[in-house]
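Asker: Compact mmCIF, C-alpha atoms and all ligand atoms, saved as coords36.txt, coming up:
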```txt
# COMPACT_ATOMS: atom_id res chain seq x y z
CA MET A 57 -18.48 -4.08 4.85
CA ARG A 58 -16.73 -7.28 5.84
CA GLY A 59 -14.97 -6.65 9.14
CA ARG A 60 -16.19 -5.61 12.56
CA THR A 61 -14.75 -2.11 12.25
CA VAL A 62 -15.37 0.44 9.51
CA TRP A 63 -12.30 2.51 8.70
CA VAL A 64 -12.89 6.08 7.52
CA GLY A 65 -9.96 8.32 6.78
CA THR A 66 -9.00 11.40 4.88
CA SER A 67 -5.88 12.67 3.21
CA TRP A 68 -5.70 16.42 3.26
CA LYS A 69 -3.39 16.26 0.22
CA MET A 70 -1.69 19.64 -0.35
CA THR A 71 -4.12 21.66 1.75
CA LYS A 72 -4.20 23.30 5.18
CA THR A 73 -1.89 25.72 6.89
CA LEU A 74 -1.17 25.07 10.55
CA GLY A 75 -4.05 27.34 11.51
CA GLU A 76 -6.44 25.53 9.18
CA ALA A 77 -5.25 22.18 10.53
CA ARG A 78 -5.91 23.35 14.08
CA ALA A 79 -9.42 24.51 13.16
CA TRP A 80 -10.23 21.12 11.56
CA VAL A 81 -8.93 19.17 14.56
CA ASP A 82 -10.75 21.43 17.03
CA THR A 83 -14.07 20.97 15.25
CA VAL A 84 -13.69 17.22 14.84
CA VAL A 85 -12.64 16.68 18.44
CA THR A 86 -15.49 18.89 19.65
CA GLY A 87 -17.92 16.98 17.43
CA LEU A 88 -16.71 13.62 18.73
CA THR A 89 -16.80 14.86 22.30
CA ALA A 90 -20.38 15.97 21.86
CA SER A 91 -21.46 12.69 20.37
CA ALA A 92 -19.35 10.09 22.10
CA ARG A 93 -17.20 11.40 24.93
CA ALA A 94 -14.17 12.06 22.73
CA ALA A 95 -14.15 8.49 21.50
CA ALA A 96 -14.65 7.47 17.91
CA PRO A 97 -18.18 6.27 17.19
CA ALA A 98 -18.52 2.59 18.09
CA GLY A 99 -17.33 0.32 15.34
CA VAL A 100 -15.48 3.07 13.47
CA GLN A 101 -11.75 3.69 13.15
CA PRO A 102 -11.09 7.22 11.89
CA PHE A 103 -7.75 8.38 10.52
CA VAL A 104 -6.28 11.57 9.11
CA LEU A 105 -3.27 12.15 6.89
CA PRO A 106 -2.10 15.78 7.09
CA ALA A 107 0.69 17.27 5.01
CA HIS A 108 4.14 16.69 6.53
CA THR A 109 4.26 20.28 7.74
CA ALA A 110 1.24 19.73 9.99
CA LEU A 111 1.95 16.19 11.19
CA ALA A 112 3.56 16.94 14.54
CA SER A 113 1.14 19.79 15.26
CA VAL A 114 -1.86 17.55 14.61
CA ARG A 115 -0.30 14.86 16.81
CA ASP A 116 0.02 17.37 19.64
CA LEU A 117 -3.48 18.74 19.11
CA LEU A 118 -5.04 15.27 19.13
CA GLY A 119 -3.10 14.15 22.20
CA PRO A 120 -2.12 10.66 23.28
CA ALA A 121 -5.67 9.33 23.81
CA SER A 122 -6.88 10.38 20.38
CA PRO A 123 -9.39 8.10 18.68
CA LEU A 124 -7.99 9.26 15.30
CA LEU A 125 -5.02 7.42 13.88
CA LEU A 126 -2.50 9.74 12.32
CA GLY A 127 -0.58 9.15 9.12
CA ALA A 128 1.68 10.71 6.53
CA GLN A 129 0.86 11.04 2.85
CA ASN A 130 4.23 9.76 1.65
CA ALA A 131 7.78 9.08 2.80
CA HIS A 132 11.02 8.10 1.10
CA GLN A 133 12.11 4.50 0.84
CA GLY A 134 15.77 5.16 1.51
CA PRO A 135 17.96 5.81 4.50
CA GLU A 136 18.35 9.30 5.88
CA GLY A 137 20.97 11.56 4.35
CA ALA A 138 21.17 12.66 0.72
CA GLY A 139 17.48 13.16 -0.08
CA THR A 140 16.90 16.86 -0.39
CA GLY A 141 13.24 17.73 0.01
CA GLU A 142 12.26 14.25 1.16
CA VAL A 143 11.40 12.80 4.57
CA SER A 144 12.20 9.29 5.76
CA MET A 145 9.88 6.69 7.24
CA ARG A 146 11.60 7.13 10.60
CA MET A 147 11.06 10.88 10.46
CA VAL A 148 7.31 10.64 9.81
CA ALA A 149 6.99 8.03 12.56
CA ASP A 150 8.83 10.40 14.90
CA ALA A 151 6.37 13.17 13.95
CA GLY A 152 3.44 11.00 15.02
CA ALA A 153 2.52 8.90 11.98
CA GLU A 154 1.27 5.37 12.52
CA LEU A 155 0.21 4.99 8.89
CA VAL A 156 1.89 6.08 5.70
CA GLU A 157 0.07 6.45 2.39
CA LEU A 158 2.03 5.10 -0.58
CA GLY A 159 1.54 5.01 -4.32
CA HIS A 160 -1.30 7.51 -4.69
CA SER A 161 -2.06 7.95 -8.40
CA GLU A 162 -1.02 11.60 -8.21
CA ARG A 163 2.42 10.51 -7.03
CA ARG A 164 2.58 7.77 -9.63
CA ALA A 165 1.67 10.30 -12.37
CA SER A 166 3.57 13.39 -11.20
CA PHE A 167 6.59 11.95 -9.41
CA GLY A 168 7.27 8.86 -11.48
CA GLU A 169 6.52 6.38 -8.71
CA THR A 170 6.36 2.87 -10.13
CA ASP A 171 5.19 -0.42 -8.66
CA ALA A 172 8.87 -1.09 -7.87
CA THR A 173 9.17 2.19 -5.95
CA VAL A 174 5.99 1.43 -4.06
CA ALA A 175 7.29 -2.03 -3.12
CA LEU A 176 10.49 -0.50 -1.71
CA LYS A 177 8.41 1.98 0.26
CA VAL A 178 6.16 -0.76 1.64
CA ARG A 179 9.19 -2.62 2.97
CA ALA A 180 10.72 0.56 4.40
CA ALA A 181 7.43 1.49 6.08
CA LEU A 182 7.06 -1.91 7.75
CA ASP A 183 10.68 -1.83 8.88
CA ALA A 184 10.03 1.57 10.49
CA GLY A 185 7.01 0.22 12.38
CA LEU A 186 4.49 2.02 10.15
CA ARG A 187 1.36 0.58 8.56
CA PRO A 188 1.53 1.09 4.76
CA LEU A 189 -1.68 2.32 3.12
CA VAL A 190 -1.11 1.51 -0.53
CA CYS A 191 -3.25 3.11 -3.22
CA VAL A 192 -4.01 1.14 -6.37
CA GLY A 193 -6.38 1.89 -9.21
CA GLU A 194 -6.76 1.96 -12.95
CA PRO A 195 -6.86 5.04 -15.21
CA GLY A 196 -10.00 5.69 -17.25
CA PRO A 197 -8.71 4.23 -20.54
CA VAL A 198 -7.80 0.97 -18.79
CA ARG A 199 -11.36 0.78 -17.41
CA ASP A 200 -12.76 1.60 -20.86
CA ALA A 201 -10.77 -1.29 -22.28
CA GLY A 202 -12.21 -3.63 -19.62
CA GLU A 203 -8.75 -4.36 -18.23
CA GLU A 204 -9.15 -2.94 -14.72
CA ILE A 205 -8.96 -6.19 -12.80
CA GLY A 206 -5.65 -7.29 -14.32
CA PHE A 207 -4.20 -3.79 -13.97
CA VAL A 208 -5.08 -3.48 -10.30
CA ALA A 209 -4.10 -7.08 -9.57
CA ALA A 210 -0.58 -6.35 -10.84
CA GLN A 211 -0.32 -3.28 -8.60
CA VAL A 212 -1.52 -5.26 -5.57
CA ALA A 213 0.88 -8.13 -6.29
CA ALA A 214 3.80 -5.71 -6.50
CA ALA A 215 2.81 -3.96 -3.27
CA LEU A 216 2.44 -7.23 -1.35
CA ALA A 217 5.61 -8.85 -2.73
CA PRO A 218 7.85 -7.51 0.07
CA VAL A 219 5.30 -8.24 2.82
CA ARG A 220 5.87 -11.31 4.96
CA PRO A 221 2.75 -13.47 5.56
CA GLU A 222 2.65 -12.49 9.24
CA GLU A 223 2.79 -8.78 8.27
CA ARG A 224 -0.23 -8.77 5.95
CA GLY A 225 -2.56 -7.62 8.66
CA ARG A 226 -0.55 -4.40 8.99
CA VAL A 227 -1.24 -3.38 5.38
CA LEU A 228 -4.15 -1.32 4.07
CA LEU A 229 -4.99 -1.43 0.36
CA ALA A 230 -7.03 1.47 -0.97
CA TYR A 231 -8.69 0.85 -4.32
CA GLU A 232 -8.91 4.29 -5.89
CA PRO A 233 -9.84 4.23 -9.58
CA VAL A 234 -8.07 7.18 -11.18
CA TRP A 235 -11.22 8.12 -13.11
CA ALA A 236 -13.11 8.55 -9.83
CA ILE A 237 -10.73 10.67 -7.78
CA GLY A 238 -10.34 14.39 -7.48
CA GLU A 239 -12.35 17.34 -8.71
CA HIS A 240 -12.69 15.91 -12.23
CA GLY A 241 -13.55 12.47 -10.94
CA ARG A 242 -16.80 10.65 -11.68
CA ARG A 243 -18.81 9.30 -8.75
CA PRO A 244 -18.81 5.51 -8.99
CA GLU A 245 -21.66 3.10 -8.64
CA THR A 246 -20.98 0.40 -6.04
CA ALA A 247 -21.55 -2.23 -8.74
CA GLU A 248 -18.79 -0.72 -10.90
CA VAL A 249 -16.13 -1.01 -8.23
CA ALA A 250 -17.29 -4.20 -6.49
CA PRO A 251 -15.51 -6.70 -8.80
CA VAL A 252 -12.19 -4.92 -8.36
CA LEU A 253 -12.63 -4.66 -4.59
CA ALA A 254 -13.37 -8.39 -4.51
CA GLU A 255 -10.17 -9.10 -6.42
CA VAL A 256 -8.11 -6.85 -4.13
CA ALA A 257 -9.58 -8.65 -1.12
CA ARG A 258 -8.90 -12.05 -2.70
CA LEU A 259 -5.29 -11.18 -3.46
CA GLY A 260 -4.81 -9.93 0.08
CA GLY A 261 -5.73 -13.34 1.50
CA GLY A 262 -3.10 -15.95 2.13
CA GLY A 263 -1.42 -14.40 5.13
CA SER A 264 -0.50 -16.47 8.16
CA ASP A 265 -3.17 -17.04 10.82
CA GLY A 266 -5.75 -15.26 8.71
CA GLU A 267 -3.68 -12.05 8.58
CA ARG A 268 -5.05 -10.02 5.69
CA PRO A 269 -4.79 -6.44 4.51
CA LEU A 270 -7.73 -4.14 5.07
CA VAL A 271 -9.43 -3.03 1.85
CA LEU A 272 -10.66 0.53 1.52
CA TYR A 273 -12.47 2.26 -1.32
CA GLY A 274 -11.56 5.84 -2.32
CA GLY A 275 -12.60 8.24 -5.09
CA SER A 276 -15.48 10.74 -5.03
CA VAL A 277 -16.83 9.38 -1.75
CA ASP A 278 -19.27 11.75 -0.08
CA GLN A 279 -22.16 11.60 2.34
CA GLY A 280 -24.51 10.76 -0.52
CA ASN A 281 -22.80 7.53 -1.58
CA ALA A 282 -20.84 6.42 1.53
CA ALA A 283 -23.49 4.05 2.89
CA ALA A 284 -23.98 2.37 -0.48
CA LEU A 285 -20.22 1.94 -0.94
CA LEU A 286 -19.92 0.45 2.54
CA GLU A 287 -22.47 -2.18 1.57
CA ASP A 288 -19.80 -3.79 -0.58
CA PRO A 289 -18.88 -7.10 1.08
CA SER A 290 -15.15 -6.81 0.29
CA THR A 291 -14.74 -3.36 1.81
CA ASP A 292 -13.43 -2.49 5.26
CA GLY A 293 -13.88 1.24 4.88
CA LEU A 294 -13.52 4.47 2.95
CA PHE A 295 -10.60 6.72 2.06
CA VAL A 296 -11.80 10.23 1.36
CA GLY A 297 -10.38 13.42 -0.05
CA ARG A 298 -12.48 16.52 -0.70
CA ALA A 299 -15.63 15.48 1.15
CA ALA A 300 -13.73 15.32 4.45
CA TRP A 301 -11.59 18.44 4.15
CA GLU A 302 -14.27 20.36 6.00
CA PRO A 303 -14.55 18.91 9.50
CA GLU A 304 -18.34 18.74 9.30
CA GLY A 305 -17.98 16.53 6.22
CA PHE A 306 -15.65 14.17 8.07
CA LEU A 307 -17.99 14.00 11.07
CA GLY A 308 -20.92 13.28 8.76
CA LEU A 309 -19.04 10.39 7.17
CA LEU A 310 -18.13 8.99 10.60
CA ALA A 311 -21.82 9.08 11.57
CA ILE A 312 -22.78 7.18 8.40
CA ALA A 313 -20.04 4.61 9.07
CA ALA A 314 -21.27 4.22 12.65
CA SER A 315 -24.79 3.47 11.52
CA VAL A 316 -23.53 0.94 8.96
CA ALA A 317 -21.36 -0.66 11.66
CA SER A 318 -24.21 -0.86 14.15
CA ALA A 319 -26.59 -2.34 11.56
CA ALA A 320 -23.99 -5.02 10.81
CA ARG A 321 -23.50 -6.02 14.46
CA PRO A 322 -25.21 -9.26 15.46
C1 LIG A 401 -8.02 10.73 -3.41
O1 LIG A 401 -7.51 11.48 -4.22
O2 LIG A 401 -7.34 9.85 -2.85
C2 LIG A 401 -9.42 10.89 -3.09
C3 LIG A 401 -10.02 9.92 -2.45
O3 LIG A 401 -9.99 12.05 -3.50
P1 LIG A 401 -11.54 12.49 -3.56
O4 LIG A 401 -12.24 11.83 -2.42
O5 LIG A 401 -11.49 13.96 -3.42
O6 LIG A 401 -12.04 12.02 -4.87
```
Once more with this new file: its structure as structure tokens, please.
Ligand code: PEP
Answerer:
Amino acid sequence: MRGRTVWVGTSWKMTKTLGEARAWVDTVVTGLTASARAAAPAGVQPFVLPAHTALASVRDLLGPASPLLLGAQNAHQGPEGAGTGEVSMRMVADAGAELVELGHSERRASFGETDATVALKVRAALDAGLRPLVCVGEPGPVRDAGEEIGFVAAQVAAALAPVRPEERGRVLLAYEPVWAIGEHGRRPETAEVAPVLAEVARLGGGGSDGERPLVLYGGSVDQGNAAALLEDPSTDGLFVGRAAWEPEGFLGLLAIAASVASAARP
């Protein structure tokens, strides 16, 4: 890890009814209360990205003093109005989101989102007062061809193009190699992803007054590899899917992050 705080978050993707969302929040809040008086473990910033349908409910369940940041998994780049089936940045902010995930590889593959779309969304998110969490990552064949650094660098450059230097610290970049994510993903070795994380971190530099995006790693993270992945010196935290969908899994990852954070403290 490179910062003082380890970020650990999960996207629920297309899972969880309102009842299932409530059960997850109840267990996580109870677990945090038992371990740390309802606060996040020291040195850890947790976050959760429910589906849009559960956003406002999770906000209400967590309450105003929640240690978990809340975010949306996507929002439209355009103004409100003619966008059937979509939600705007302002609408997700109104429902409680402080973060908004953009450019996940599933959206790039299934909904035709391009680097240009992602750039528009980054600008719209910042204008709405949201922190964009932009996913980047190469498909397997690009990795096989040894072209992952150039591929990801282009995605990062496109995502940061609309960001003013003084806004860079509001951005999170999640490196999520496509070959590593989801149920068919392959668990990565830290050494495999480290050079790309270093490049993402390098490209994020250059903001004003040291403002820089946070860099997260995502893709087949679980309690078995989280500590090793957090050893990477370019990484500020982890972005997790399946391994955090059960609340006990999320709590386990927070505990690992807390011990990494405390070992790193002077
Ligand atoms: C993801 O799809 O963004 C992700 C991190 O998934 P998983 O952890 O389940 O591989």
Asker: Counting all atoms listed in the file, which protein, DNA or RNA residues come within 6 Å of ligand LIG 401 (chain A), given as a CSV table (one decimal) with C-alpha atoms, in the frame of the given file?
Answerer:
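After the write, pocket.csv holds the following:
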```csv
chain,number,residue,atom,x,y,z
A,237,ILE,CA,-10.7,10.7,-7.8
A,238,GLY,CA,-10.3,14.4,-7.5
A,274,GLY,CA,-11.6,5.8,-2.3
A,275,GLY,CA,-12.6,8.2,-5.1
A,276,SER,CA,-15.5,10.7,-5.0
A,277,VAL,CA,-16.8,9.4,-1.8
A,295,PHE,CA,-10.6,6.7,2.1
A,296,VAL,CA,-11.8,10.2,1.4
A,297,GLY,CA,-10.4,13.4,0.0
A,298,ARG,CA,-12.5,16.5,-0.7
```
Asker: So that I can check the surroundings of A:Thr83, please list as a PyMOL selection string every protein, DNA and RNA residue that reaches within 8 Å of it, counting all atoms listed in the file and ignoring chain neighbours fewer than 3 positions away.
Answerer: chain A and resi 79-80+86-87+303-304
Asker: Quick one: of A:Leu105, A:Val148, A:Gly99, A:Ser67, who's nearest to A:Ala319, counting all atoms listed in the file?
Answerer: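 Smallest separation from A:Ala319 among the options: A:Gly99.
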Asker: Can you tell me which residues surround stretch 164-171 of chain A at a distance of at most 7 Å, considering only C-alpha atoms, apart from same-chain residues fewer than 4 positions away, and format the answer as a VMD selection string?
Answerer: chain A and resid 159 to 160 175 211 214 to 215
Asker: Let me see the file: selected residues, C-alpha atoms, as a CSV table (one decimal), in the coordinates of the input.
Answerer:
```csv
chain,number,residue,atom,x,y,z
A,159,GLY,CA,1.5,5.0,-4.3
A,160,HIS,CA,-1.3,7.5,-4.7
A,175,ALA,CA,7.3,-2.0,-3.1
A,211,GLN,CA,-0.3,-3.3,-8.6
A,214,ALA,CA,3.8,-5.7,-6.5
A,215,ALA,CA,2.8,-4.0,-3.3
```
Asker: What does the distance from atom CA of A:Met57 to atom CA of A:Gly261 come to in Å, to one decimal?
Answerer: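 Atom CA of A:Gly261 lies at a distance of 16.1 Å from atom CA of A:Met57.
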Asker: Quick one, how far is atom CA of A:Glu204 from atom CA of A:Ala217?
Answerer: 19.9 Å
Asker: Contacts of A:Ala153 at 7 Å or less, counting only C-alpha atoms, minus same-chain residues fewer than 4 places along, as a PyMOL selection string?
Answerer: chain A and resi 126-128+148-149
Asker: If we count all atoms listed in the file, what is near A:Leu272 at a cut-off of 10 Å, once residues fewer than 3 positions away on the same chain are taken out, given as number ranges by chain?
Answerer: A: 57, 62-65, 189-191, 228-232, 253, 256-257, 269, 285-286, 290-296
Asker: Do you have the atom CA of A:Asp288-atom CA of A:Ala320 distance handy?
Answerer: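 Computed distance, atom CA of A:Asp288 to atom CA of A:Ala320, equals 12.2 Å.
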Asker: Measuring between all atoms listed in the file, which one of A:Val104, A:Gly75, A:Ala110, A:Gly193 shows the shortest distance to A:Ser122?
Answerer: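 Looking at the shortest contact to A:Ser122, the residue is A:Val104.
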Asker: From the options A:Gly225, A:Pro218, A:Pro123, A:Gly185, which residue's atoms come nearest to A:Thr89, counting all atoms listed in the file?
Answerer: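 Answer, going by the shortest atom-to-atom distance: A:Pro123.
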Asker: Which residues, protein or nucleic acid, reach to within 12 Å of (-26.1, 0.1, -9.0) in the file's coordinates when using only C-alpha atoms, and can you give that as a compact mmCIF listing (two decimals) with C-alpha atoms, in the frame of the given file?
Answerer:
```txt
# COMPACT_ATOMS: atom_id res chain seq x y z
CA ARG A 243 -18.81 9.30 -8.75
CA PRO A 244 -18.81 5.51 -8.99
CA GLU A 245 -21.66 3.10 -8.64
CA THR A 246 -20.98 0.40 -6.04
CA ALA A 247 -21.55 -2.23 -8.74
CA GLU A 248 -18.79 -0.72 -10.90
CA VAL A 249 -16.13 -1.01 -8.23
CA ALA A 250 -17.29 -4.20 -6.49
CA ASN A 281 -22.80 7.53 -1.58
CA ALA A 284 -23.98 2.37 -0.48
CA LEU A 285 -20.22 1.94 -0.94
CA GLU A 287 -22.47 -2.18 1.57
CA ASP A 288 -19.80 -3.79 -0.58
```
Asker: Any chance you could turn stretch 126-138 of chain A into a file with all heavy atoms, as a tab-separated table (two decimals), in the first residue's frame?
Answerer:
```tsv
chain	number	residue	atom	x	y	z
A	126	LEU	N	-20.91	5.32	0.37
A	126	LEU	CA	-21.90	4.70	-0.50
A	126	LEU	C	-21.68	5.18	-1.92
A	126	LEU	O	-21.33	6.34	-2.15
A	126	LEU	CB	-23.28	5.11	0.02
A	126	LEU	CG	-24.51	4.47	-0.56
A	126	LEU	CD1	-24.48	2.96	-0.40
A	126	LEU	CD2	-25.76	5.05	0.11
A	127	GLY	N	-21.91	4.28	-2.87
A	127	GLY	CA	-21.76	4.69	-4.27
A	127	GLY	C	-22.71	3.96	-5.17
A	127	GLY	O	-23.35	2.98	-4.78
A	128	ALA	N	-22.81	4.46	-6.40
A	128	ALA	CA	-23.62	3.82	-7.44
A	128	ALA	C	-22.70	3.07	-8.40
A	128	ALA	O	-21.51	3.37	-8.47
A	128	ALA	CB	-24.42	4.87	-8.19
A	129	GLN	N	-23.27	2.14	-9.12
A	129	GLN	CA	-22.46	1.33	-10.04
A	129	GLN	C	-22.35	1.93	-11.44
A	129	GLN	O	-21.62	1.44	-12.29
A	129	GLN	CB	-23.05	-0.07	-10.16
A	129	GLN	CG	-23.03	-0.85	-8.88
A	129	GLN	CD	-23.74	-2.17	-9.02
A	129	GLN	OE1	-23.87	-2.72	-10.12
A	129	GLN	NE2	-24.21	-2.71	-7.91
A	130	ASN	N	-23.13	2.97	-11.68
A	130	ASN	CA	-23.14	3.60	-13.00
A	130	ASN	C	-24.09	4.77	-12.92
A	130	ASN	O	-24.95	4.83	-12.03
A	130	ASN	CB	-23.65	2.61	-14.06
A	130	ASN	CG	-23.77	3.24	-15.43
A	130	ASN	OD1	-22.87	3.96	-15.87
A	130	ASN	ND2	-24.89	3.00	-16.10
A	131	ALA	N	-23.97	5.73	-13.81
A	131	ALA	CA	-24.99	6.74	-14.02
A	131	ALA	C	-24.76	7.32	-15.41
A	131	ALA	O	-23.67	7.16	-15.99
A	131	ALA	CB	-24.94	7.83	-12.95
A	132	HIS	N	-25.78	7.96	-15.94
A	132	HIS	CA	-25.71	8.50	-17.30
A	132	HIS	C	-24.94	9.82	-17.31
A	132	HIS	O	-24.94	10.54	-16.31
A	132	HIS	CB	-27.13	8.70	-17.84
A	132	HIS	CG	-27.18	8.88	-19.32
A	132	HIS	ND1	-27.06	10.12	-19.92
A	132	HIS	CD2	-27.32	7.98	-20.33
A	132	HIS	CE1	-27.12	9.96	-21.24
A	132	HIS	NE2	-27.29	8.67	-21.51
A	133	GLN	N	-24.33	10.10	-18.44
A	133	GLN	CA	-23.52	11.30	-18.56
A	133	GLN	C	-24.34	12.54	-18.91
A	133	GLN	O	-23.84	13.66	-18.82
A	133	GLN	CB	-22.43	11.10	-19.63
A	133	GLN	CG	-22.92	10.93	-21.06
A	133	GLN	CD	-23.25	9.48	-21.40
A	133	GLN	OE1	-23.50	8.66	-20.51
A	133	GLN	NE2	-23.26	9.17	-22.68
A	134	GLY	N	-25.58	12.32	-19.33
A	134	GLY	CA	-26.34	13.44	-19.87
A	134	GLY	C	-27.27	14.09	-18.87
A	134	GLY	O	-27.39	13.66	-17.72
A	135	PRO	N	-27.93	15.16	-19.32
A	135	PRO	CA	-28.89	15.82	-18.45
A	135	PRO	C	-30.14	14.98	-18.30
A	135	PRO	O	-30.39	14.06	-19.07
A	135	PRO	CB	-29.21	17.12	-19.21
A	135	PRO	CG	-28.90	16.81	-20.63
A	135	PRO	CD	-27.81	15.78	-20.65
A	136	GLU	N	-30.92	15.30	-17.28
A	136	GLU	CA	-32.16	14.55	-17.06
A	136	GLU	C	-33.15	14.80	-18.19
A	136	GLU	O	-33.11	15.83	-18.83
A	136	GLU	CB	-32.75	14.94	-15.71
A	136	GLU	CG	-32.01	14.26	-14.59
A	136	GLU	CD	-32.13	14.95	-13.26
A	136	GLU	OE1	-33.17	15.55	-12.99
A	136	GLU	OE2	-31.16	14.88	-12.49
A	137	GLY	N	-34.02	13.83	-18.40
A	137	GLY	CA	-35.03	13.98	-19.44
A	137	GLY	C	-35.14	12.70	-20.24
A	137	GLY	O	-35.41	11.64	-19.68
A	138	ALA	N	-34.86	12.78	-21.54
A	138	ALA	CA	-35.08	11.65	-22.44
A	138	ALA	C	-33.95	10.62	-22.28
A	138	ALA	O	-32.97	10.65	-23.01
A	138	ALA	CB	-35.14	12.15	-23.88
```
